[in-house]
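query.pdb (PDB, C-alpha atoms) appears below.
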ATOM      1  CA  MET L 116     -48.262  76.231 -72.401
ATOM      2  CA  ALA L 117     -48.085  74.113 -75.505
ATOM      3  CA  LEU L 118     -49.504  70.624 -75.283
ATOM      4  CA  HIS L 119     -47.461  67.842 -76.850
ATOM      5  CA  THR L 120     -49.364  66.481 -79.809
ATOM      6  CA  SER L 121     -50.033  62.819 -80.464
ATOM      7  CA  ASP L 122     -48.879  60.999 -83.588
ATOM      8  CA  SER L 123     -52.446  60.985 -84.915
ATOM      9  CA  GLU L 124     -52.707  64.754 -84.574
ATOM     10  CA  GLN L 125     -49.338  65.259 -86.233
ATOM     11  CA  ALA L 126     -50.736  63.218 -89.124
ATOM     12  CA  GLY L 127     -53.588  65.696 -89.471
ATOM     13  CA  GLU L 128     -56.330  64.361 -87.192
ATOM     14  CA  THR L 129     -58.239  67.187 -85.496
ATOM     15  CA  PRO L 130     -59.008  66.759 -81.787
ATOM     16  CA  PRO L 131     -62.774  66.221 -81.319
ATOM     17  CA  THR L 132     -63.290  69.260 -79.108
ATOM     18  CA  ASP L 133     -63.203  73.043 -79.367
ATOM     19  CA  SER L 134     -61.867  75.702 -77.050
ATOM     20  CA  GLY L 135     -65.239  76.084 -75.338
ATOM     21  CA  SER L 136     -65.630  72.409 -74.470
ATOM     22  CA  PRO L 137     -64.647  70.935 -71.095
ATOM     23  CA  LEU L 138     -61.077  69.730 -70.785
ATOM     24  CA  LEU L 139     -62.443  66.875 -68.700
ATOM     25  CA  GLU L 140     -65.983  65.545 -68.491
ATOM     26  CA  ALA L 141     -67.069  62.639 -66.309
ATOM     27  CA  ARG L 142     -70.626  61.368 -66.576
ATOM     28  CA  GLY L 143     -72.383  59.010 -64.204
ATOM     29  CA  LEU L 144     -69.327  57.201 -62.857
ATOM     30  CA  ASN L 145     -70.083  54.173 -60.723
ATOM     31  CA  LEU L 146     -67.629  51.793 -59.119
ATOM     32  CA  GLN L 147     -68.569  49.300 -56.446
ATOM     33  CA  HIS L 148     -65.726  48.036 -54.281
ATOM     34  CA  ALA L 149     -65.914  44.477 -52.981
ATOM     35  CA  GLY L 150     -65.499  45.702 -49.416
ATOM     36  CA  GLY L 151     -68.083  48.491 -49.540
ATOM     37  CA  ALA L 152     -69.015  51.760 -51.230
ATOM     38  CA  GLY L 153     -66.802  53.118 -54.012
ATOM     39  CA  VAL L 154     -68.170  55.927 -56.189
ATOM     40  CA  SER L 155     -71.832  56.409 -57.055
ATOM     41  CA  ASP L 156     -73.261  58.373 -59.991
ATOM     42  CA  LEU L 157     -70.439  60.909 -60.038
ATOM     43  CA  SER L 158     -70.445  63.583 -62.741
ATOM     44  CA  LEU L 159     -67.911  66.384 -63.037
ATOM     45  CA  GLN L 160     -66.631  68.893 -65.599
ATOM     46  CA  LEU L 161     -63.329  70.759 -65.635
ATOM     47  CA  GLN L 162     -62.770  73.838 -67.787
ATOM     48  CA  ARG L 163     -59.510  75.598 -68.551
ATOM     49  CA  GLY L 164     -58.595  77.730 -65.542
ATOM     50  CA  ASP L 165     -60.453  75.578 -63.005
ATOM     51  CA  ILE L 166     -58.529  74.826 -59.831
ATOM     52  CA  VAL L 167     -60.784  72.447 -57.958
ATOM     53  CA  GLY L 168     -60.253  71.233 -54.423
ATOM     54  CA  LEU L 169     -61.779  67.788 -53.910
ATOM     55  CA  LEU L 170     -62.619  67.654 -50.225
ATOM     56  CA  GLY L 171     -63.758  64.701 -48.179
ATOM     57  CA  LEU L 172     -63.183  62.692 -45.051
ATOM     58  CA  ASN L 173     -60.769  59.774 -45.124
ATOM     59  CA  GLY L 174     -62.407  56.960 -47.069
ATOM     60  CA  ALA L 175     -64.916  59.242 -48.783
ATOM     61  CA  GLY L 176     -63.780  58.256 -52.284
ATOM     62  CA  LYS L 177     -61.322  61.018 -53.215
ATOM     63  CA  SER L 178     -58.496  58.769 -54.401
ATOM     64  CA  THR L 179     -60.920  56.418 -56.141
ATOM     65  CA  THR L 180     -62.405  59.371 -58.022
ATOM     66  CA  LEU L 181     -59.008  60.548 -59.248
ATOM     67  CA  ARG L 182     -58.070  57.018 -60.322
ATOM     68  CA  LEU L 183     -61.270  56.780 -62.333
ATOM     69  CA  LEU L 184     -60.625  60.163 -63.955
ATOM     70  CA  CYS L 185     -57.114  59.206 -65.053
ATOM     71  CA  GLY L 186     -57.983  55.694 -66.223
ATOM     72  CA  ALA L 187     -56.135  53.794 -63.491
ATOM     73  CA  LEU L 188     -59.497  52.281 -62.531
ATOM     74  CA  VAL L 189     -62.251  51.259 -64.946
ATOM     75  CA  PRO L 190     -65.778  52.212 -63.831
ATOM     76  CA  ASP L 191     -68.629  49.721 -63.690
ATOM     77  CA  SER L 192     -70.593  52.306 -65.662
ATOM     78  CA  GLY L 193     -70.231  55.895 -66.817
ATOM     79  CA  SER L 194     -67.698  57.660 -69.017
ATOM     80  CA  VAL L 195     -64.724  60.027 -68.910
ATOM     81  CA  HIS L 196     -63.637  62.274 -71.793
ATOM     82  CA  VAL L 197     -60.428  64.317 -71.805
ATOM     83  CA  SER L 198     -60.222  67.094 -74.415
ATOM     84  CA  GLY L 199     -63.000  65.217 -76.209
ATOM     85  CA  TYR L 200     -61.241  61.842 -76.205
ATOM     86  CA  SER L 201     -62.911  58.922 -74.459
ATOM     87  CA  LEU L 202     -60.811  57.067 -71.901
ATOM     88  CA  ALA L 203     -62.617  53.892 -72.965
ATOM     89  CA  ASP L 204     -62.456  54.279 -76.750
ATOM     90  CA  ALA L 205     -59.285  56.349 -77.238
ATOM     91  CA  PRO L 206     -57.232  55.693 -74.086
ATOM     92  CA  LEU L 207     -53.839  56.678 -75.509
ATOM     93  CA  GLN L 208     -55.065  60.053 -76.759
ATOM     94  CA  ALA L 209     -56.985  60.741 -73.537
ATOM     95  CA  ARG L 210     -54.187  59.724 -71.171
ATOM     96  CA  ALA L 211     -51.646  61.767 -73.136
ATOM     97  CA  ARG L 212     -53.544  64.837 -71.941
ATOM     98  CA  ILE L 213     -53.548  63.877 -68.263
ATOM     99  CA  GLY L 214     -50.912  64.465 -65.620
ATOM    100  CA  TYR L 215     -51.446  62.364 -62.495
ATOM    101  CA  LEU L 216     -49.753  62.417 -59.114
ATOM    102  CA  PRO L 217     -51.030  59.519 -56.956
ATOM    103  CA  ASP L 218     -50.848  59.538 -53.179
ATOM    104  CA  GLN L 219     -47.635  57.506 -53.456
ATOM    105  CA  PRO L 220     -45.464  59.158 -56.176
ATOM    106  CA  PRO L 221     -44.350  56.671 -58.882
ATOM    107  CA  LEU L 222     -40.610  57.074 -58.375
ATOM    108  CA  TYR L 223     -37.552  54.980 -59.196
ATOM    109  CA  ASN L 224     -35.531  55.494 -56.042
ATOM    110  CA  ASP L 225     -32.254  54.313 -57.557
ATOM    111  CA  MET L 226     -32.314  56.925 -60.338
ATOM    112  CA  ARG L 227     -31.074  60.500 -60.233
ATOM    113  CA  VAL L 228     -33.756  63.192 -60.454
ATOM    114  CA  SER L 229     -32.658  64.415 -63.894
ATOM    115  CA  GLU L 230     -32.455  60.839 -65.227
ATOM    116  CA  TYR L 231     -35.935  60.045 -63.955
ATOM    117  CA  LEU L 232     -37.439  63.147 -65.532
ATOM    118  CA  THR L 233     -35.735  62.306 -68.828
ATOM    119  CA  LEU L 234     -37.277  58.832 -68.642
ATOM    120  CA  THR L 235     -40.771  60.121 -67.871
ATOM    121  CA  GLY L 236     -40.561  62.685 -70.663
ATOM    122  CA  ARG L 237     -39.679  60.007 -73.205
ATOM    123  CA  ILE L 238     -42.390  57.681 -71.871
ATOM    124  CA  ARG L 239     -44.848  60.530 -72.359
ATOM    125  CA  GLY L 240     -43.898  60.751 -76.040
ATOM    126  CA  LEU L 241     -41.600  63.776 -76.050
ATOM    127  CA  ASP L 242     -38.605  63.568 -78.362
ATOM    128  CA  ARG L 243     -35.078  64.110 -77.037
ATOM    129  CA  GLN L 244     -35.045  67.844 -77.648
ATOM    130  CA  GLN L 245     -38.519  68.390 -76.173
ATOM    131  CA  THR L 246     -37.591  66.277 -73.162
ATOM    132  CA  ALA L 247     -34.419  68.272 -72.514
ATOM    133  CA  ILE L 248     -36.311  71.569 -72.740
ATOM    134  CA  ARG L 249     -39.155  70.454 -70.521
ATOM    135  CA  ARG L 250     -36.822  68.827 -67.986
ATOM    136  CA  THR L 251     -35.021  72.129 -67.507
ATOM    137  CA  GLN L 252     -38.299  74.037 -67.236
ATOM    138  CA  ILE L 253     -39.923  71.645 -64.796
ATOM    139  CA  ILE L 254     -36.844  71.424 -62.574
ATOM    140  CA  ASP L 255     -37.046  75.195 -62.257
ATOM    141  CA  GLN L 256     -40.835  75.221 -61.743
ATOM    142  CA  CYS L 257     -40.703  72.578 -59.021
ATOM    143  CA  ASP L 258     -37.581  74.063 -57.399
ATOM    144  CA  LEU L 259     -35.506  70.912 -57.894
ATOM    145  CA  GLY L 260     -32.290  72.546 -59.093
ATOM    146  CA  ASP L 261     -30.318  71.757 -55.934
ATOM    147  CA  VAL L 262     -31.207  68.048 -56.068
ATOM    148  CA  GLN L 263     -31.380  67.298 -59.805
ATOM    149  CA  GLY L 264     -28.162  65.272 -59.663
ATOM    150  CA  LYS L 265     -29.070  63.355 -56.510
ATOM    151  CA  ILE L 266     -30.422  59.820 -56.153
ATOM    152  CA  ILE L 267     -34.191  60.002 -55.551
ATOM    153  CA  GLY L 268     -34.078  57.497 -52.684
ATOM    154  CA  THR L 269     -31.792  59.799 -50.691
ATOM    155  CA  LEU L 270     -34.179  62.756 -50.848
ATOM    156  CA  SER L 271     -36.535  63.926 -48.127
ATOM    157  CA  LYS L 272     -40.226  63.114 -48.399
ATOM    158  CA  GLY L 273     -40.955  66.681 -49.463
ATOM    159  CA  PHE L 274     -38.446  66.601 -52.310
ATOM    160  CA  ARG L 275     -39.726  63.191 -53.469
ATOM    161  CA  GLN L 276     -43.220  64.664 -53.566
ATOM    162  CA  ARG L 277     -41.986  67.494 -55.773
ATOM    163  CA  VAL L 278     -40.240  65.040 -58.106
ATOM    164  CA  GLY L 279     -43.564  63.211 -58.354
ATOM    165  CA  LEU L 280     -45.277  66.459 -59.265
ATOM    166  CA  ALA L 281     -42.613  67.177 -61.878
ATOM    167  CA  GLN L 282     -43.282  63.860 -63.650
ATOM    168  CA  ALA L 283     -46.994  64.699 -63.738
ATOM    169  CA  LEU L 284     -46.317  68.041 -65.427
ATOM    170  CA  ILE L 285     -43.406  67.339 -67.755
ATOM    171  CA  HIS L 286     -45.566  66.729 -70.857
ATOM    172  CA  GLU L 287     -47.696  69.866 -70.235
ATOM    173  CA  PRO L 288     -50.999  68.035 -69.811
ATOM    174  CA  ALA L 289     -54.352  69.727 -70.283
ATOM    175  CA  VAL L 290     -55.719  68.145 -67.099
ATOM    176  CA  VAL L 291     -53.738  67.707 -63.877
ATOM    177  CA  LEU L 292     -54.959  65.308 -61.181
ATOM    178  CA  LEU L 293     -53.176  65.506 -57.834
ATOM    179  CA  ASP L 294     -53.839  63.223 -54.865
ATOM    180  CA  GLU L 295     -52.848  65.007 -51.641
ATOM    181  CA  PRO L 296     -50.084  67.060 -53.347
ATOM    182  CA  ALA L 297     -49.056  68.822 -50.118
ATOM    183  CA  ASN L 298     -48.314  65.501 -48.411
ATOM    184  CA  GLY L 299     -44.923  65.661 -46.703
ATOM    185  CA  LEU L 300     -44.188  69.290 -47.535
ATOM    186  CA  ASP L 301     -42.948  71.777 -44.972
ATOM    187  CA  PRO L 302     -44.673  75.207 -44.739
ATOM    188  CA  GLN L 303     -42.265  76.865 -47.178
ATOM    189  CA  GLN L 304     -42.619  74.027 -49.680
ATOM    190  CA  MET L 305     -46.408  74.133 -49.307
ATOM    191  CA  GLU L 306     -46.404  77.810 -50.226
ATOM    192  CA  GLY L 307     -44.309  77.006 -53.289
ATOM    193  CA  MET L 308     -46.737  74.231 -54.236
ATOM    194  CA  ARG L 309     -49.674  76.620 -53.953
ATOM    195  CA  GLN L 310     -47.976  79.148 -56.229
ATOM    196  CA  LEU L 311     -47.116  76.453 -58.760
ATOM    197  CA  ILE L 312     -50.704  75.195 -58.822
ATOM    198  CA  ALA L 313     -51.951  78.762 -59.291
ATOM    199  CA  ASP L 314     -49.527  79.320 -62.176
ATOM    200  CA  ILE L 315     -50.298  76.141 -64.120
ATOM    201  CA  GLY L 316     -54.001  76.518 -63.406
ATOM    202  CA  LYS L 317     -54.119  79.591 -65.635
ATOM    203  CA  GLU L 318     -53.825  77.459 -68.791
ATOM    204  CA  GLN L 319     -54.813  74.000 -67.581
ATOM    205  CA  ALA L 320     -57.489  72.398 -65.429
ATOM    206  CA  ILE L 321     -56.483  71.079 -62.024
ATOM    207  CA  ILE L 322     -58.258  68.972 -59.444
ATOM    208  CA  PHE L 323     -56.510  67.946 -56.257
ATOM    209  CA  SER L 324     -57.760  65.932 -53.328
ATOM    210  CA  THR L 325     -57.242  66.983 -49.745
ATOM    211  CA  HIS L 326     -58.842  66.787 -46.327
ATOM    212  CA  LEU L 327     -57.308  70.131 -45.347
ATOM    213  CA  LEU L 328     -59.702  73.055 -45.708
ATOM    214  CA  ASN L 329     -56.896  75.627 -45.675
ATOM    215  CA  GLU L 330     -55.348  74.091 -48.799
ATOM    216  CA  VAL L 331     -58.582  74.800 -50.665
ATOM    217  CA  THR L 332     -59.012  78.306 -49.300
ATOM    218  CA  ALA L 333     -55.426  79.198 -50.237
ATOM    219  CA  THR L 334     -55.467  77.875 -53.796
ATOM    220  CA  CYS L 335     -58.826  76.987 -55.333
ATOM    221  CA  ASN L 336     -61.495  78.826 -57.288
ATOM    222  CA  ARG L 337     -63.891  75.900 -56.949
ATOM    223  CA  VAL L 338     -64.636  73.289 -54.323
ATOM    224  CA  ALA L 339     -66.150  69.821 -54.784
ATOM    225  CA  ILE L 340     -67.088  67.753 -51.740
ATOM    226  CA  ILE L 341     -67.417  63.985 -51.806
ATOM    227  CA  HIS L 342     -69.047  61.981 -49.040
ATOM    228  CA  ALA L 343     -69.580  58.219 -48.952
ATOM    229  CA  GLY L 344     -68.750  57.994 -52.648
ATOM    230  CA  ARG L 345     -71.186  60.688 -53.775
ATOM    231  CA  LEU L 346     -70.420  64.215 -54.931
ATOM    232  CA  THR L 347     -72.595  66.185 -52.545
ATOM    233  CA  SER L 348     -71.454  69.705 -53.470
ATOM    234  CA  ASP L 349     -69.686  71.336 -56.426
ATOM    235  CA  ARG L 350     -69.551  75.127 -56.386
ATOM    236  CA  PRO L 351     -67.345  78.128 -57.150
ATOM    237  CA  TYR L 352     -65.269  79.278 -54.221
ATOM    238  CA  HIS L 353     -64.991  82.997 -53.520
ATOM    239  CA  GLY L 354     -63.485  83.024 -50.043
ATOM    240  CA  GLU L 355     -66.563  82.218 -47.989
ATOM    241  CA  GLU L 356     -66.411  80.219 -44.756
ATOM    242  CA  LEU L 357     -65.602  76.712 -45.947
ATOM    243  CA  GLU L 358     -66.141  74.848 -42.682
ATOM    244  CA  THR L 359     -69.893  75.499 -42.811
ATOM    245  CA  VAL L 360     -70.120  74.490 -46.476
ATOM    246  CA  PHE L 361     -68.224  71.283 -45.756
ATOM    247  CA  GLN L 362     -70.288  70.290 -42.719
ATOM    248  CA  GLU L 363     -73.538  70.872 -44.606
ATOM    249  CA  ALA L 364     -72.314  68.752 -47.527
ATOM    250  CA  ILE L 365     -71.435  65.741 -45.359
ATOM    251  CA  ALA L 366     -74.446  65.938 -43.047
TER     252      ALA L 366
END
Could you quickly redo this structure as structure tokens?
Amino acid sequence: MALHTSDSEQAGETPPTDSGSPLLEARGLNLQHAGGAGVSDLSLQLQRGDIVGLLGLNGAGKSTTLRLLCGALVPDSGSVHVSGYSLADAPLQARARIGYLPDQPPLYNDMRVSEYLTLTGRIRGLDRQQTAIRRTQIIDQCDLGDVQGKIIGTLSKGFRQRVGLAQALIHEPAVVLLDEPANGLDPQQMEGMRQLIADIGKEQAIIFSTHLLNEVTATCNRVAIIHAGRLTSDRPYHGEELETVFQEAIA
């Protein structure tokens, strides 16, 4: 998939990374919440083709981690680079390469699906022609054809979740961050989500949070486990028994 280029790149600036470098690199992230533990000394790398399941109990720090990685939260210390761009020093360039689906999709419920995706494409810097092309592609990818003309607020929770995923993917980001992407999906929709993640994960890097072990076993080639704000395990996944790995990591 082609990544939309920024204005600086169109002007001739070369991205500060090569094909062998991580698409995302987090180093020593720390964030202390006022009410208790946040994230402590978290480091993580994502390469092209990584599909990482971020596992943890409720309150372990999964959502906080994803918010730090996308720039929605600013760490007390540590750094995040996306395709070589620093979220702190070059936030526009870094964020242009991120697609993020939070636990509550950022939807305008009074807009039609196609209108909303046009808006998000333009916000992401695509021109009119690029937006039209990508809107058609992403509606097909996310199986939204039957509802593209409907008002978002009238859709089921599962369809709203898929519209949220579509906005995260419309600009073909290098890194995709998904917070509980299967939330609200029925079994058939979940299978479609798994296939979509597998397809886009061939060219991009994906990390998605979940507390469901079967979502990781069905989709991921790598599993990261967070417990009490610390990344306690990060390993390739080859189909081994995940329950034992998880229990050992949170012990």
Around (-48.7, 66.1, -51.9) in the file's own coordinates, what residues are found within 12 Å if you use only C-alpha atoms, given back as a PyMOL selection string? chain L and resi 215-220+272-281+292-301+304-305+307-309+312+323-327+330
From L:Val331, L:Leu284, L:Ala364, L:Ile248, residue lying nearest L:Leu311 [only C-alpha atoms]: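 Between L:Val331, L:Leu284, L:Ala364, L:Ile248, the residue approaching L:Leu311 most closely is L:Leu284.
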Within 9 Å of L:Pro351, counting only C-alpha atoms, which residues qualify if same-chain residues fewer than 6 places away don't, as a PyMOL selection string? chain L and resi 167+335-339
re atom CA of L:Asn173 and atom CA of L:Ala343: distance 9.7 Å
Quick one: distance from atom CA of L:Gly176 to atom CA of L:Glu363 in Å, one decimal?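 Computed distance, atom CA of L:Gly176 to atom CA of L:Glu363, equals 17.7 Å.
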